[in-house]
$ cat target-v4.pdb   # PDB, C-alpha atoms
ATOM      1  CA  MET A 718       0.000   0.000   0.000
ATOM      2  CA  THR A 719       2.834   2.369   0.903
ATOM      3  CA  MET A 720       4.540   1.736  -2.416
ATOM      4  CA  THR A 721       1.282   2.337  -4.288
ATOM      5  CA  MET A 722       0.758   5.693  -2.522
ATOM      6  CA  ALA A 723       4.353   6.704  -3.262
ATOM      7  CA  ASN A 724       3.860   5.872  -6.912
ATOM      8  CA  ARG A 725       0.680   7.941  -7.030
ATOM      9  CA  ILE A 726       2.398  10.916  -5.428
ATOM     10  CA  SER A 727       5.288  10.579  -7.906
ATOM     11  CA  ASP A 728       2.840  10.471 -10.803
ATOM     12  CA  GLN A 729       1.079  13.581  -9.514
ATOM     13  CA  ASP A 730       4.387  15.450  -9.171
ATOM     14  CA  GLN A 731       5.247  14.579 -12.762
ATOM     15  CA  ASN A 732       1.823  15.703 -13.963
ATOM     16  CA  ASP A 733       2.298  19.068 -12.252
ATOM     17  CA  GLY A 734       5.189  19.889 -14.602
ATOM     18  CA  PRO A 735       4.892  20.861 -18.260
ATOM     19  CA  THR A 736       4.387  18.119 -20.796
ATOM     20  CA  PRO A 737       6.987  17.714 -23.559
ATOM     21  CA  GLU A 738       4.560  19.365 -25.981
ATOM     22  CA  GLN A 739       4.066  22.321 -23.630
ATOM     23  CA  ALA A 740       7.835  22.677 -23.231
ATOM     24  CA  ARG A 741       8.297  22.667 -27.017
ATOM     25  CA  ARG A 742       5.500  25.220 -27.399
ATOM     26  CA  GLY A 743       7.147  27.433 -24.752
ATOM     27  CA  ARG A 744      10.485  27.302 -26.560
ATOM     28  CA  ARG A 745       8.815  28.178 -29.868
ATOM     29  CA  THR A 746       7.047  31.118 -28.233
ATOM     30  CA  ALA A 747      10.300  32.398 -26.693
ATOM     31  CA  LEU A 748      12.093  32.144 -30.036
ATOM     32  CA  LEU A 749       9.234  33.926 -31.788
ATOM     33  CA  LEU A 750       9.267  36.782 -29.272
ATOM     34  CA  PHE A 751      13.031  37.089 -29.618
ATOM     35  CA  ALA A 752      12.777  37.114 -33.427
ATOM     36  CA  LEU A 753      10.031  39.743 -33.375
ATOM     37  CA  GLY A 754      12.005  41.929 -31.006
ATOM     38  CA  PHE A 755      15.608  41.589 -32.171
ATOM     39  CA  GLY A 756      15.239  39.970 -35.594
ATOM     40  CA  PRO A 757      14.992  43.393 -37.288
ATOM     41  CA  LEU A 758      18.224  44.486 -35.629
ATOM     42  CA  ILE A 759      20.050  41.385 -36.868
ATOM     43  CA  VAL A 760      18.752  41.963 -40.403
ATOM     44  CA  ALA A 761      19.639  45.664 -40.179
ATOM     45  CA  THR A 762      23.199  44.843 -39.136
ATOM     46  CA  VAL A 763      23.645  42.387 -42.013
ATOM     47  CA  MET A 764      22.174  44.878 -44.483
ATOM     48  CA  PHE A 765      24.408  47.658 -43.186
ATOM     49  CA  TYR A 766      27.589  45.599 -43.332
ATOM     50  CA  THR A 767      26.908  44.177 -46.788
ATOM     51  CA  GLY A 768      24.616  46.661 -48.533
ATOM     52  CA  TRP A 769      22.191  43.762 -49.076
ATOM     53  CA  LEU A 770      18.779  44.943 -50.335
ATOM     54  CA  ASN A 771      20.000  48.513 -50.010
ATOM     55  CA  PRO A 772      19.208  50.328 -53.273
ATOM     56  CA  SER A 773      21.542  53.198 -52.487
ATOM     57  CA  GLY A 774      24.470  50.803 -52.226
ATOM     58  CA  HIS A 775      25.510  52.526 -48.977
ATOM     59  CA  THR A 776      27.577  50.449 -46.611
ATOM     60  CA  ASN A 777      29.436  52.544 -44.063
ATOM     61  CA  ASN A 778      31.730  55.515 -43.493
ATOM     62  CA  GLY A 779      33.154  54.419 -40.154
ATOM     63  CA  VAL A 780      35.611  51.605 -39.500
ATOM     64  CA  LEU A 781      33.743  48.333 -38.981
ATOM     65  CA  VAL A 782      34.640  46.092 -36.050
ATOM     66  CA  GLU A 783      34.716  42.582 -37.546
ATOM     67  CA  PRO A 784      33.644  40.514 -35.789
ATOM     68  CA  VAL A 785      31.752  42.757 -33.410
ATOM     69  CA  VAL A 786      33.081  42.963 -29.847
ATOM     70  CA  PRO A 787      30.842  42.811 -26.742
ATOM     71  CA  VAL A 788      30.882  46.077 -24.817
ATOM     72  CA  SER A 789      31.365  43.978 -21.668
ATOM     73  CA  THR A 790      35.035  43.517 -22.681
ATOM     74  CA  LEU A 791      35.589  47.209 -21.921
ATOM     75  CA  HIS A 792      34.708  46.640 -18.237
ATOM     76  CA  LEU A 793      33.178  50.113 -18.055
ATOM     77  CA  GLN A 794      30.745  51.343 -15.453
ATOM     78  CA  SER A 795      28.867  54.486 -14.490
ATOM     79  CA  THR A 796      30.046  56.796 -11.718
ATOM     80  CA  THR A 797      27.586  54.971  -9.437
ATOM     81  CA  GLY A 798      29.115  51.579 -10.239
ATOM     82  CA  THR A 799      26.466  50.228 -12.631
ATOM     83  CA  PRO A 800      28.098  48.068 -15.363
ATOM     84  CA  LEU A 801      27.622  49.558 -18.823
ATOM     85  CA  ALA A 802      26.912  46.101 -20.294
ATOM     86  CA  ALA A 803      23.774  45.819 -18.128
ATOM     87  CA  ARG A 804      22.039  48.399 -20.333
ATOM     88  CA  PHE A 805      22.056  46.260 -23.454
ATOM     89  CA  GLY A 806      20.656  42.934 -24.633
ATOM     90  CA  PRO A 807      17.343  41.167 -25.315
ATOM     91  CA  GLU A 808      16.350  41.177 -21.647
ATOM     92  CA  VAL A 809      16.521  45.004 -21.443
ATOM     93  CA  ALA A 810      13.424  47.022 -22.271
ATOM     94  CA  ASN A 811      14.047  49.571 -25.034
ATOM     95  CA  PRO A 812      17.868  49.484 -25.115
ATOM     96  CA  ASN A 813      19.490  52.414 -26.920
ATOM     97  CA  TRP A 814      22.289  52.747 -29.415
ATOM     98  CA  MET A 815      25.284  54.517 -27.887
ATOM     99  CA  MET A 816      28.211  56.659 -29.022
ATOM    100  CA  ILE A 817      31.245  56.452 -26.699
ATOM    101  CA  VAL A 818      34.126  58.918 -26.982
ATOM    102  CA  ALA A 819      37.305  57.276 -25.661
ATOM    103  CA  ALA A 820      40.608  59.052 -25.000
ATOM    104  CA  ASP A 821      43.389  58.821 -22.429
ATOM    105  CA  GLU A 822      44.073  62.541 -22.608
ATOM    106  CA  CYS A 823      41.302  64.790 -23.859
ATOM    107  CA  GLY A 824      43.189  67.278 -26.021
ATOM    108  CA  SER A 825      41.990  69.111 -29.114
ATOM    109  CA  GLN A 826      41.233  65.964 -31.175
ATOM    110  CA  CYS A 827      39.298  64.446 -28.287
ATOM    111  CA  GLU A 828      37.235  67.593 -27.793
ATOM    112  CA  GLU A 829      36.517  67.737 -31.520
ATOM    113  CA  LEU A 830      35.046  64.230 -31.299
ATOM    114  CA  LEU A 831      33.031  65.208 -28.214
ATOM    115  CA  TYR A 832      31.633  68.128 -30.187
ATOM    116  CA  LEU A 833      30.873  65.997 -33.271
ATOM    117  CA  ALA A 834      29.128  63.322 -31.189
ATOM    118  CA  ARG A 835      26.948  65.985 -29.585
ATOM    119  CA  GLN A 836      26.078  67.664 -32.884
ATOM    120  CA  VAL A 837      25.372  64.352 -34.633
ATOM    121  CA  ASN A 838      23.066  63.327 -31.791
ATOM    122  CA  ILE A 839      21.157  66.609 -32.088
ATOM    123  CA  ALA A 840      21.022  66.327 -35.904
ATOM    124  CA  LEU A 841      19.190  63.000 -35.625
ATOM    125  CA  GLY A 842      16.094  65.048 -34.802
ATOM    126  CA  LYS A 843      13.144  62.872 -33.811
ATOM    127  CA  ASN A 844      15.495  59.877 -33.495
ATOM    128  CA  ALA A 845      17.911  61.659 -31.145
ATOM    129  CA  ASN A 846      16.461  59.890 -28.104
ATOM    130  CA  ARG A 847      17.314  56.519 -29.648
ATOM    131  CA  VAL A 848      21.041  57.231 -29.274
ATOM    132  CA  SER A 849      22.782  58.033 -25.983
ATOM    133  CA  ARG A 850      26.238  59.542 -25.535
ATOM    134  CA  ALA A 851      29.024  58.734 -23.109
ATOM    135  CA  ALA A 852      32.755  59.337 -22.683
ATOM    136  CA  VAL A 853      35.589  57.472 -21.011
ATOM    137  CA  LEU A 854      38.452  59.911 -20.522
ATOM    138  CA  GLY A 855      41.727  59.411 -18.714
ATOM    139  CA  SER A 856      42.328  63.087 -18.033
ATOM    140  CA  VAL A 857      40.408  66.273 -18.797
ATOM    141  CA  PRO A 858      42.059  69.736 -18.974
ATOM    142  CA  PRO A 859      40.808  72.243 -16.363
ATOM    143  CA  ASP A 860      39.313  74.443 -19.070
ATOM    144  CA  LEU A 861      37.179  71.591 -20.422
ATOM    145  CA  GLN A 862      36.224  70.536 -16.888
ATOM    146  CA  ALA A 863      34.886  74.040 -16.278
ATOM    147  CA  ARG A 864      32.866  74.016 -19.513
ATOM    148  CA  TRP A 865      31.668  70.424 -19.245
ATOM    149  CA  PRO A 866      28.364  70.978 -17.364
ATOM    150  CA  GLU A 867      27.211  73.587 -19.880
ATOM    151  CA  GLU A 868      28.532  72.082 -23.127
ATOM    152  CA  TYR A 869      28.499  68.323 -22.446
ATOM    153  CA  GLY A 870      26.138  67.935 -19.512
ATOM    154  CA  SER A 871      24.091  65.333 -21.432
ATOM    155  CA  MET A 872      27.157  63.151 -22.052
ATOM    156  CA  GLU A 873      27.621  60.551 -19.331
ATOM    157  CA  LEU A 874      31.092  59.939 -17.943
ATOM    158  CA  LEU A 875      32.161  56.295 -17.676
ATOM    159  CA  MET A 876      35.151  54.690 -15.987
ATOM    160  CA  PRO A 877      36.832  51.280 -15.895
ATOM    161  CA  ALA A 878      35.692  49.025 -13.057
ATOM    162  CA  ALA A 879      38.152  48.800 -10.176
ATOM    163  CA  GLY A 880      41.078  46.533 -10.976
ATOM    164  CA  SER A 881      40.162  46.167 -14.669
ATOM    165  CA  THR A 882      41.601  47.375 -17.944
ATOM    166  CA  PRO A 883      39.419  47.906 -21.032
ATOM    167  CA  ALA A 884      40.079  45.417 -23.842
ATOM    168  CA  TRP A 885      39.614  47.740 -26.812
ATOM    169  CA  PRO A 886      38.691  46.352 -30.248
ATOM    170  CA  ALA A 887      41.419  45.981 -32.865
ATOM    171  CA  GLY A 888      42.250  49.379 -34.336
ATOM    172  CA  VAL A 889      41.126  51.268 -31.230
ATOM    173  CA  ASN A 890      43.798  52.585 -28.860
ATOM    174  CA  PRO A 891      42.675  55.650 -26.886
ATOM    175  CA  ALA A 892      46.220  56.037 -25.534
ATOM    176  CA  THR A 893      47.439  57.106 -28.966
ATOM    177  CA  GLU A 894      44.301  58.394 -30.713
ATOM    178  CA  PRO A 895      40.816  59.329 -29.462
ATOM    179  CA  ARG A 896      37.962  57.439 -31.077
ATOM    180  CA  VAL A 897      34.161  57.400 -31.157
ATOM    181  CA  LEU A 898      32.716  53.893 -30.740
ATOM    182  CA  VAL A 899      29.195  52.899 -31.797
ATOM    183  CA  VAL A 900      27.447  50.279 -29.656
ATOM    184  CA  ASP A 901      24.258  48.584 -30.909
ATOM    185  CA  PRO A 902      21.293  47.667 -28.648
ATOM    186  CA  PHE A 903      22.653  44.109 -28.344
ATOM    187  CA  GLY A 904      25.703  45.573 -26.583
ATOM    188  CA  ASN A 905      28.102  45.025 -29.502
ATOM    189  CA  ILE A 906      30.793  47.513 -30.486
ATOM    190  CA  MET A 907      30.277  47.522 -34.240
ATOM    191  CA  MET A 908      32.028  50.612 -35.604
ATOM    192  CA  HIS A 909      34.427  53.409 -34.676
ATOM    193  CA  TYR A 910      35.499  56.813 -35.958
ATOM    194  CA  GLY A 911      38.578  59.008 -35.578
ATOM    195  CA  ALA A 912      39.852  62.476 -36.397
ATOM    196  CA  GLY A 913      39.763  61.645 -40.112
ATOM    197  CA  HIS A 914      35.987  61.291 -40.071
ATOM    198  CA  THR A 915      33.463  64.092 -40.234
ATOM    199  CA  GLY A 916      30.194  64.625 -38.454
ATOM    200  CA  LYS A 917      28.495  63.945 -41.776
ATOM    201  CA  ASP A 918      30.143  60.502 -41.892
ATOM    202  CA  MET A 919      28.767  59.593 -38.473
ATOM    203  CA  LEU A 920      25.357  61.089 -39.150
ATOM    204  CA  GLU A 921      24.903  59.180 -42.426
ATOM    205  CA  ASP A 922      25.824  55.873 -40.776
ATOM    206  CA  LEU A 923      23.578  56.366 -37.757
ATOM    207  CA  LYS A 924      20.630  57.498 -39.869
ATOM    208  CA  GLN A 925      21.018  54.387 -41.995
ATOM    209  CA  LEU A 926      21.228  52.074 -38.984
ATOM    210  CA  LEU A 927      18.221  53.649 -37.285
ATOM    211  CA  LYS A 928      16.257  53.491 -40.528
ATOM    212  CA  LEU A 929      16.975  49.790 -41.001
ATOM    213  CA  SER A 930      16.345  48.842 -37.372
ATOM    214  CA  GLN A 931      13.362  49.656 -35.190
ATOM    215  CA  ILE A 932      15.207  48.390 -32.116
ATOM    216  CA  GLY A 933      16.715  50.997 -29.849
TER     217      GLY A 933
END

$ encode --input "target-v4.pdb" --output "structure tokens"
Amino acid sequence: MTMTMANRISDQDQNDGPTPEQARRGRRTALLLFALGFGPLIVATVMFYTGWLNPSGHTNNGVLVEPVVPVSTLHLQSTTGTPLAARFGPEVANPNWMMIVAADECGSQCEELLYLARQVNIALGKNANRVSRAAVLGSVPPDLQARWPEEYGSMELLMPAAGSTPAWPAGVNPATEPRVLVVDPFGNIMMHYGAGHTGKDMLEDLKQLLKLSQIG
């Protein structure tokens, strides 16, 4: 009798869980939701990199990071200690694109990129709120520090997490040349710009990316 009751209880416990068909249906639903949410971004990235289905033949003006590099490898965080990587990915509601200005010493070239990033963001018009701006700077001259709240108050300052060193993508070395990095809503560093690029270059690329993708 005891064995029979134990078997019944075991059967009931098994029945309380999802059936194989329910588990399969749940996986299909999760994949569908992911595809609906981030599928357009994947397609947009492929189209942007290759010019596929793009009648204008436009690819990019910036330097592509191939393959893309997760922003988590930079080990950056906000001034309050929140990891930058936590703002991106499929589990985040309405993740933004981001432009990051990186420089060890913020001299004239660095400030030019700060200015271009700000102006490009403004020039996006109704899409400006889809792109956020940040900077990771080793040192800032006193003059720029004094002007920062008025001129760059909307640009967040980031810093490496304690005990870490950013692993910059190939071709990016803020110690020798300031760069602007573009991060997609997945949290991938996909492109960067330097002093040889213009604001028009950045604006054209971002407009194209935002046009192709409704994510972010």

$ residues_around --input "target-v4.pdb" --residues "Val818 (chain A)" --least-positions-apart "2" --cutoff "12 Å" --atoms "all atoms listed in the file" --output "PDB file with C-alpha atoms, keeping the file's coordinate frame"
ATOM      1  CA  MET A 815      25.284  54.517 -27.887  1.00  0.00           C
ATOM      2  CA  MET A 816      28.211  56.659 -29.022  1.00  0.00           C
ATOM      3  CA  ALA A 820      40.608  59.052 -25.000  1.00  0.00           C
ATOM      4  CA  ASP A 821      43.389  58.821 -22.429  1.00  0.00           C
ATOM      5  CA  GLU A 822      44.073  62.541 -22.608  1.00  0.00           C
ATOM      6  CA  CYS A 823      41.302  64.790 -23.859  1.00  0.00           C
ATOM      7  CA  GLN A 826      41.233  65.964 -31.175  1.00  0.00           C
ATOM      8  CA  CYS A 827      39.298  64.446 -28.287  1.00  0.00           C
ATOM      9  CA  GLU A 828      37.235  67.593 -27.793  1.00  0.00           C
ATOM     10  CA  GLU A 829      36.517  67.737 -31.520  1.00  0.00           C
ATOM     11  CA  LEU A 830      35.046  64.230 -31.299  1.00  0.00           C
ATOM     12  CA  LEU A 831      33.031  65.208 -28.214  1.00  0.00           C
ATOM     13  CA  TYR A 832      31.633  68.128 -30.187  1.00  0.00           C
ATOM     14  CA  LEU A 833      30.873  65.997 -33.271  1.00  0.00           C
ATOM     15  CA  ALA A 834      29.128  63.322 -31.189  1.00  0.00           C
ATOM     16  CA  ARG A 835      26.948  65.985 -29.585  1.00  0.00           C
ATOM     17  CA  SER A 849      22.782  58.033 -25.983  1.00  0.00           C
ATOM     18  CA  ARG A 850      26.238  59.542 -25.535  1.00  0.00           C
ATOM     19  CA  ALA A 851      29.024  58.734 -23.109  1.00  0.00           C
ATOM     20  CA  ALA A 852      32.755  59.337 -22.683  1.00  0.00           C
ATOM     21  CA  VAL A 853      35.589  57.472 -21.011  1.00  0.00           C
ATOM     22  CA  LEU A 854      38.452  59.911 -20.522  1.00  0.00           C
ATOM     23  CA  GLY A 855      41.727  59.411 -18.714  1.00  0.00           C
ATOM     24  CA  TYR A 869      28.499  68.323 -22.446  1.00  0.00           C
ATOM     25  CA  MET A 872      27.157  63.151 -22.052  1.00  0.00           C
ATOM     26  CA  GLU A 873      27.621  60.551 -19.331  1.00  0.00           C
ATOM     27  CA  LEU A 874      31.092  59.939 -17.943  1.00  0.00           C
ATOM     28  CA  LEU A 875      32.161  56.295 -17.676  1.00  0.00           C
ATOM     29  CA  MET A 876      35.151  54.690 -15.987  1.00  0.00           C
ATOM     30  CA  VAL A 889      41.126  51.268 -31.230  1.00  0.00           C
ATOM     31  CA  ASN A 890      43.798  52.585 -28.860  1.00  0.00           C
ATOM     32  CA  PRO A 891      42.675  55.650 -26.886  1.00  0.00           C
ATOM     33  CA  GLU A 894      44.301  58.394 -30.713  1.00  0.00           C
ATOM     34  CA  PRO A 895      40.816  59.329 -29.462  1.00  0.00           C
ATOM     35  CA  ARG A 896      37.962  57.439 -31.077  1.00  0.00           C
ATOM     36  CA  VAL A 897      34.161  57.400 -31.157  1.00  0.00           C
ATOM     37  CA  LEU A 898      32.716  53.893 -30.740  1.00  0.00           C
ATOM     38  CA  VAL A 899      29.195  52.899 -31.797  1.00  0.00           C
ATOM     39  CA  VAL A 900      27.447  50.279 -29.656  1.00  0.00           C
ATOM     40  CA  HIS A 909      34.427  53.409 -34.676  1.00  0.00           C
ATOM     41  CA  TYR A 910      35.499  56.813 -35.958  1.00  0.00           C
ATOM     42  CA  GLY A 911      38.578  59.008 -35.578  1.00  0.00           C
ATOM     43  CA  ALA A 912      39.852  62.476 -36.397  1.00  0.00           C
TER      44      ALA A 912
END

$ resolve_selection --input "target-v4.pdb" --expression "the PyMOL selection byres ((chain A and resi 914-922) around 9)" --output "PyMOL selection string"
chain A and resi 765+775-779+830+833-834+836-838+840-841+910-913+923-927

$ residues_around --input "target-v4.pdb" --residues "region 784-791 of chain A" --least-positions-apart "5" --cutoff "10 Å" --atoms "all atoms listed in the file" --output "PyMOL selection string"
chain A and resi 800-803+805+876-878+881-887+898-901+903-908

$ write_last_selection --input "target-v4.pdb" --atoms "C-alpha atoms" --output "short mmCIF file (atom, residue, chain, number, x, y, z; two decimals), in the coordinates of the input"
data_model
loop_
_atom_site.label_atom_id
_atom_site.label_comp_id
_atom_site.auth_asym_id
_atom_site.auth_seq_id
_atom_site.Cartn_x
_atom_site.Cartn_y
_atom_site.Cartn_z
CA PRO A 800 28.10 48.07 -15.36
CA LEU A 801 27.62 49.56 -18.82
CA ALA A 802 26.91 46.10 -20.29
CA ALA A 803 23.77 45.82 -18.13
CA PHE A 805 22.06 46.26 -23.45
CA MET A 876 35.15 54.69 -15.99
CA PRO A 877 36.83 51.28 -15.90
CA ALA A 878 35.69 49.02 -13.06
CA SER A 881 40.16 46.17 -14.67
CA THR A 882 41.60 47.38 -17.94
CA PRO A 883 39.42 47.91 -21.03
CA ALA A 884 40.08 45.42 -23.84
CA TRP A 885 39.61 47.74 -26.81
CA PRO A 886 38.69 46.35 -30.25
CA ALA A 887 41.42 45.98 -32.86
CA LEU A 898 32.72 53.89 -30.74
CA VAL A 899 29.20 52.90 -31.80
CA VAL A 900 27.45 50.28 -29.66
CA ASP A 901 24.26 48.58 -30.91
CA PHE A 903 22.65 44.11 -28.34
CA GLY A 904 25.70 45.57 -26.58
CA ASN A 905 28.10 45.02 -29.50
CA ILE A 906 30.79 47.51 -30.49
CA MET A 907 30.28 47.52 -34.24
CA MET A 908 32.03 50.61 -35.60
#

$ atom_distance --input "target-v4.pdb" --atom1 "CA of Glu868 (chain A)" --atom2 "CA of Thr799 (chain A)"
24.3 Å

$ closest_residue --input "target-v4.pdb" --among "A:Val782, A:Asn813, A:Ile839, A:His792" --to "Ser930 (chain A)" --atoms "only C-alpha atoms"
A:Asn813

$ atom_distance --input "target-v4.pdb" --atom1 "CA of Asn846 (chain A)" --atom2 "CA of Ser871 (chain A)"
11.5 Å

$ atom_distance --input "target-v4.pdb" --atom1 "CA of Pro858 (chain A)" --atom2 "CA of Gly880 (chain A)"
24.6 Å

$ residues_near_point --input "target-v4.pdb" --point "(12.3, 56.3, -36.1)" --cutoff "8 Å" --atoms "all atoms listed in the file" --output "list in words"
Lys843, Asn844, Leu927, Lys928 and Gln931 of chain A
